file model_2.cif (mmCIF, C-alpha atoms)
data_protein
loop_
_atom_site.label_atom_id
_atom_site.label_comp_id
_atom_site.auth_asym_id
_atom_site.auth_seq_id
_atom_site.Cartn_x
_atom_site.Cartn_y
_atom_site.Cartn_z
CA MET A 1 52.17 66.79 84.49
CA LYS A 2 51.96 68.93 81.32
CA LYS A 3 53.46 66.07 79.30
CA VAL A 4 50.85 63.61 80.58
CA LEU A 5 48.02 66.05 79.86
CA PHE A 6 49.40 66.77 76.35
CA PHE A 7 49.78 63.04 75.66
CA ALA A 8 46.20 62.35 76.83
CA ILE A 9 44.78 65.13 74.62
CA ALA A 10 46.83 63.97 71.61
CA LEU A 11 45.72 60.36 72.11
CA ALA A 12 42.08 61.39 72.46
CA SER A 13 42.33 63.51 69.27
CA VAL A 14 43.83 60.64 67.27
CA PHE A 15 41.15 58.27 68.54
CA ALA A 16 38.38 60.73 67.67
CA ILE A 17 39.70 61.32 64.15
CA THR A 18 40.22 57.65 63.29
CA SER A 19 36.91 56.49 64.73
CA CYS A 20 34.82 58.92 62.67
CA SER A 21 33.13 57.13 59.81
CA LYS A 22 32.99 58.65 56.36
CA GLU A 23 29.58 59.91 55.43
CA GLU A 24 28.13 58.18 52.35
CA LYS A 25 27.74 60.50 49.36
CA ASN A 26 25.39 58.26 47.40
CA THR A 27 21.73 57.62 48.10
CA LYS A 28 20.81 54.14 49.33
CA PHE A 29 17.75 52.67 47.62
CA GLU A 30 15.25 49.92 48.19
CA PRO A 31 15.05 47.43 45.31
CA LEU A 32 13.76 48.98 42.10
CA SER A 33 10.80 46.57 42.26
CA SER A 34 9.69 48.20 45.53
CA LEU A 35 9.80 51.66 43.90
CA ARG A 36 7.85 50.73 40.76
CA ASN A 37 6.50 47.80 38.74
CA ILE A 38 9.41 46.29 36.79
CA ASN A 39 7.37 43.81 34.75
CA VAL A 40 6.81 44.31 31.03
CA ASP A 41 3.21 44.97 30.00
CA LEU A 42 2.97 42.19 27.41
CA SER A 43 -0.62 43.15 26.51
CA SER A 44 0.58 46.51 25.18
CA ALA A 45 0.98 47.14 21.44
CA ALA A 46 4.45 48.40 22.34
CA ALA A 47 5.39 44.82 23.26
CA SER A 48 4.56 43.10 19.98
CA GLU A 49 8.16 42.33 18.89
CA THR A 50 11.36 41.33 20.65
CA MET A 51 15.11 41.63 20.58
CA SER A 52 17.60 40.13 23.01
CA ALA A 53 20.82 41.29 24.58
CA TYR A 54 23.65 39.90 26.66
CA ILE A 55 24.88 42.77 28.81
CA LYS A 56 28.10 43.03 30.80
CA LEU A 57 28.40 45.65 33.52
CA PRO A 58 31.73 47.33 34.26
CA LYS A 59 34.17 44.98 36.05
CA SER A 60 33.83 47.03 39.26
CA LEU A 61 30.15 45.98 39.38
CA SER A 62 30.01 42.65 37.53
CA LYS A 63 32.13 40.82 40.10
CA TYR A 64 29.50 41.62 42.76
CA ILE A 65 26.33 40.61 40.88
CA GLN A 66 24.20 38.42 43.14
CA GLU A 67 20.67 37.13 43.62
CA GLY A 68 18.42 40.04 44.58
CA ASP A 69 20.01 42.39 42.03
CA GLU A 70 17.66 43.83 39.42
CA PHE A 71 18.38 44.83 35.82
CA VAL A 72 15.76 46.41 33.53
CA ALA A 73 15.58 47.97 30.08
CA LEU A 74 13.49 51.13 29.92
CA ALA A 75 12.17 53.11 26.95
CA PHE A 76 13.70 56.60 26.93
CA VAL A 77 10.54 58.72 27.12
CA ASN A 78 11.01 61.15 30.02
CA ASN A 79 14.47 60.03 31.18
CA ASP A 80 12.79 59.03 34.45
CA TYR A 81 13.50 55.52 35.70
CA LEU A 82 10.38 55.68 37.90
CA THR A 83 7.94 56.35 35.04
CA ASP A 84 9.54 55.32 31.73
CA PRO A 85 7.98 52.10 30.33
CA VAL A 86 9.74 48.85 31.20
CA ARG A 87 10.77 46.98 28.04
CA GLY A 88 12.65 44.07 29.58
CA LYS A 89 13.87 42.46 32.79
CA GLY A 90 17.28 40.81 32.93
CA GLU A 91 18.29 37.43 34.31
CA ILE A 92 21.71 36.68 35.74
CA ALA A 93 23.81 34.46 33.44
CA LYS A 94 27.50 33.65 32.93
CA ASP A 95 29.62 34.59 29.95
CA GLY A 96 32.19 32.34 28.27
CA GLU A 97 34.81 33.28 30.89
CA GLY A 98 32.52 32.57 33.85
CA ASP A 99 31.86 36.25 34.63
CA GLN A 100 28.32 37.23 35.54
CA ILE A 101 26.28 39.07 32.92
CA PHE A 102 22.61 39.81 32.31
CA LYS A 103 20.55 38.11 29.61
CA ILE A 104 17.53 40.20 28.70
CA MET A 105 14.59 39.87 26.32
CA ILE A 106 13.51 43.35 25.26
CA TYR A 107 9.98 44.04 24.01
CA GLY A 108 8.90 46.81 21.67
CA ASN A 109 7.69 47.41 18.13
CA SER A 110 9.35 48.49 14.92
CA SER A 111 7.35 51.71 14.63
CA GLU A 112 8.83 53.01 17.88
CA GLN A 113 11.62 55.51 17.53
CA THR A 114 12.57 55.29 21.19
CA ASN A 115 16.03 54.47 22.47
CA LEU A 116 16.52 52.18 25.42
CA TYR A 117 18.54 52.59 28.58
CA PHE A 118 19.26 50.24 31.45
CA VAL A 119 18.91 50.55 35.21
CA TYR A 120 20.74 48.20 37.57
CA TYR A 121 20.00 47.78 41.28
CA SER A 122 22.81 46.31 43.38
CA SER A 123 21.45 44.56 46.46
CA ARG A 124 24.99 44.51 47.87
CA ASN A 125 25.44 48.27 48.21
CA LYS A 126 21.82 49.34 47.64
CA TYR A 127 22.74 51.72 44.81
CA LEU A 128 20.95 52.29 41.52
CA TYR A 129 23.04 52.61 38.37
CA LYS A 130 21.88 53.97 35.02
CA THR A 131 23.20 54.03 31.46
CA ASP A 132 22.63 56.80 28.97
CA ALA A 133 19.99 56.20 26.31
CA TYR A 134 21.86 54.67 23.43
CA LEU A 135 20.40 51.37 22.26
CA ALA A 136 17.73 51.55 19.57
CA PHE A 137 15.06 48.88 19.55
CA THR A 138 15.60 46.64 16.51
CA PRO A 139 13.15 43.71 16.20
CA ASP A 140 14.69 40.22 16.01
CA SER A 141 18.20 41.51 16.70
CA ILE A 142 20.69 40.23 19.26
CA HIS A 143 23.13 42.57 20.98
CA GLY A 144 26.15 40.71 22.28
CA THR A 145 26.51 36.98 22.84
CA VAL A 146 27.27 34.79 25.83
CA ASP A 147 30.93 34.72 24.75
CA GLU A 148 31.10 38.42 23.88
CA PRO A 149 28.48 40.34 25.86
CA TYR A 150 27.64 43.95 25.07
CA GLU A 151 29.60 46.07 27.56
CA ILE A 152 27.97 49.13 29.04
CA SER A 153 29.06 51.96 31.29
CA THR A 154 26.97 53.17 34.19
CA LYS A 155 26.69 56.02 36.64
CA ILE A 156 25.20 56.05 40.12
CA ILE A 157 21.75 57.57 40.53
CA ASN A 158 21.59 59.98 43.49
#
call {"tool": "encode", "arguments": {"input": "model_2.cif", "output": "structure tokens"}}
result
Amino acid sequence: MKKVLFFAIALASVFAITSCSKEEKNTKFEPLSSLRNINVDLSSAAASETMSAYIKLPKSLSKYIQEGDEFVALAFVNNDYLTDPVRGKGEIAKDGEGDQIFKIMIYGNSSEQTNLYFVYYSSRNKYLYKTDAYLAFTPDSIHGTVDEPYEISTKIIN
């Protein structure tokens, strides 16, 4: 009888441990466009010139890019993705190897001394990813190409 009781308790313990789901550590978000306006204010003096970029996310993210994802360039003013001015909105494209990248037209003006950073919303896992501010606005320049996109690193926003 003790053996049966021990076996039942052991089996119940194993079942309880394996059926527990891991708690998510990262915050799930609604699309960035539901948290703020992600369109560029083209009537602003800060949008008088353009530059373009072809951006490749890390491989761990780029293979999951899909419709519904959002990619924006923001001016580094307050380091706040909810309030910093939107300077560009990316479109999904393919690079020379068929991998998904973002093509983005970035608006600004040459008198600005502001760096840009990018925010990416993944509709697959509902996470927001951010880069550090590192790209200076340079009118009429092109960062990356379709064949050799500009690779960035990201971190999850919590």
call {"tool": "atom_distance", "arguments": {"input": "model_2.cif", "atom1": "atom CA of Glu148 of chain A", "atom2": "atom CA of Glu49 of chain A"}}
result
23.8 Å
call {"tool": "residues_around", "arguments": {"input": "model_2.cif", "residues": "Asp69 of chain A", "least_positions_apart": "5", "cutoff": "12 Å", "atoms": "only C-alpha atoms", "output": "number ranges by chain"}}
result
A: 29-33, 61-62, 64, 89-92, 100-102, 119-129
call {"tool": "closest_residue", "arguments": {"input": "model_2.cif", "among": "A:Asn109, A:Asn26, A:Val72, A:Asn78", "to": "Ala53 of chain A", "atoms": "only C-alpha atoms"}}
result
A:Val72
call {"tool": "residues_around", "arguments": {"input": "model_2.cif", "residues": "Ser60 of chain A", "least_positions_apart": "2", "cutoff": "12 Å", "atoms": "all atoms listed in the file", "output": "tab-separated table (two decimals) with C-alpha atoms, keeping the file's coordinate frame"}}
result
chain	number	residue	atom	x	y	z
A	56	LYS	CA	28.10	43.03	30.80
A	57	LEU	CA	28.40	45.65	33.52
A	58	PRO	CA	31.73	47.33	34.26
A	62	SER	CA	30.01	42.65	37.53
A	63	LYS	CA	32.13	40.82	40.10
A	64	TYR	CA	29.50	41.62	42.76
A	65	ILE	CA	26.33	40.61	40.88
A	99	ASP	CA	31.86	36.25	34.63
A	100	GLN	CA	28.32	37.23	35.54
A	122	SER	CA	22.81	46.31	43.38
A	152	ILE	CA	27.97	49.13	29.04
A	153	SER	CA	29.06	51.96	31.29
A	154	THR	CA	26.97	53.17	34.19
A	155	LYS	CA	26.69	56.02	36.64
call {"tool": "resolve_selection", "arguments": {"input": "model_2.cif", "expression": "the PyMOL selection byres ((chain A and resi 54) around 8)", "output": "mmCIF file with C-alpha atoms, in the frame of the given file"}}
result
data_model
loop_
_atom_site.group_PDB
_atom_site.id
_atom_site.type_symbol
_atom_site.label_atom_id
_atom_site.label_comp_id
_atom_site.auth_asym_id
_atom_site.auth_seq_id
_atom_site.Cartn_x
_atom_site.Cartn_y
_atom_site.Cartn_z
ATOM 1 C CA SER A 52 17.600 40.130 23.010
ATOM 2 C CA ALA A 53 20.820 41.290 24.580
ATOM 3 C CA ILE A 55 24.880 42.770 28.810
ATOM 4 C CA LYS A 56 28.100 43.030 30.800
ATOM 5 C CA ILE A 101 26.280 39.070 32.920
ATOM 6 C CA PHE A 102 22.610 39.810 32.310
ATOM 7 C CA LYS A 103 20.550 38.110 29.610
ATOM 8 C CA ILE A 104 17.530 40.200 28.700
ATOM 9 C CA ILE A 142 20.690 40.230 19.260
ATOM 10 C CA HIS A 143 23.130 42.570 20.980
ATOM 11 C CA GLY A 144 26.150 40.710 22.280
ATOM 12 C CA THR A 145 26.510 36.980 22.840
ATOM 13 C CA VAL A 146 27.270 34.790 25.830
ATOM 14 C CA PRO A 149 28.480 40.340 25.860
ATOM 15 C CA TYR A 150 27.640 43.950 25.070
#
call {"tool": "axis_aligned_box", "arguments": {"input": "model_2.cif", "around": "segment 106-112 of chain A", "padding_each_side": "8 Å", "output": "lines of an AutoDock Vina configuration file"}}
result
center_x = 10.4
center_y = 48.2
center_z = 19.9
size_x = 22.2
size_y = 25.7
size_z = 26.6
call {"tool": "residues_around", "arguments": {"input": "model_2.cif", "residues": "Tyr81 of chain A", "least_positions_apart": "3", "cutoff": "12 Å", "atoms": "only C-alpha atoms", "output": "PyMOL selection string"}}
result
chain A and resi 32-33+35-38+71-78+84-87+116-121+128-133+157
call {"tool": "atom_distance", "arguments": {"input": "model_2.cif", "atom1": "atom CA of Pro139 of chain A", "atom2": "atom CA of Gly108 of chain A"}}
result
7.6 Å
call {"tool": "residues_around", "arguments": {"input": "model_2.cif", "residues": "Gln113 of chain A", "least_positions_apart": "2", "cutoff": "9 Å", "atoms": "only C-alpha atoms", "output": "list of chain:residue names"}}
result
A:Ser110, A:Ser111, A:Asn115, A:Ala136, A:Phe137
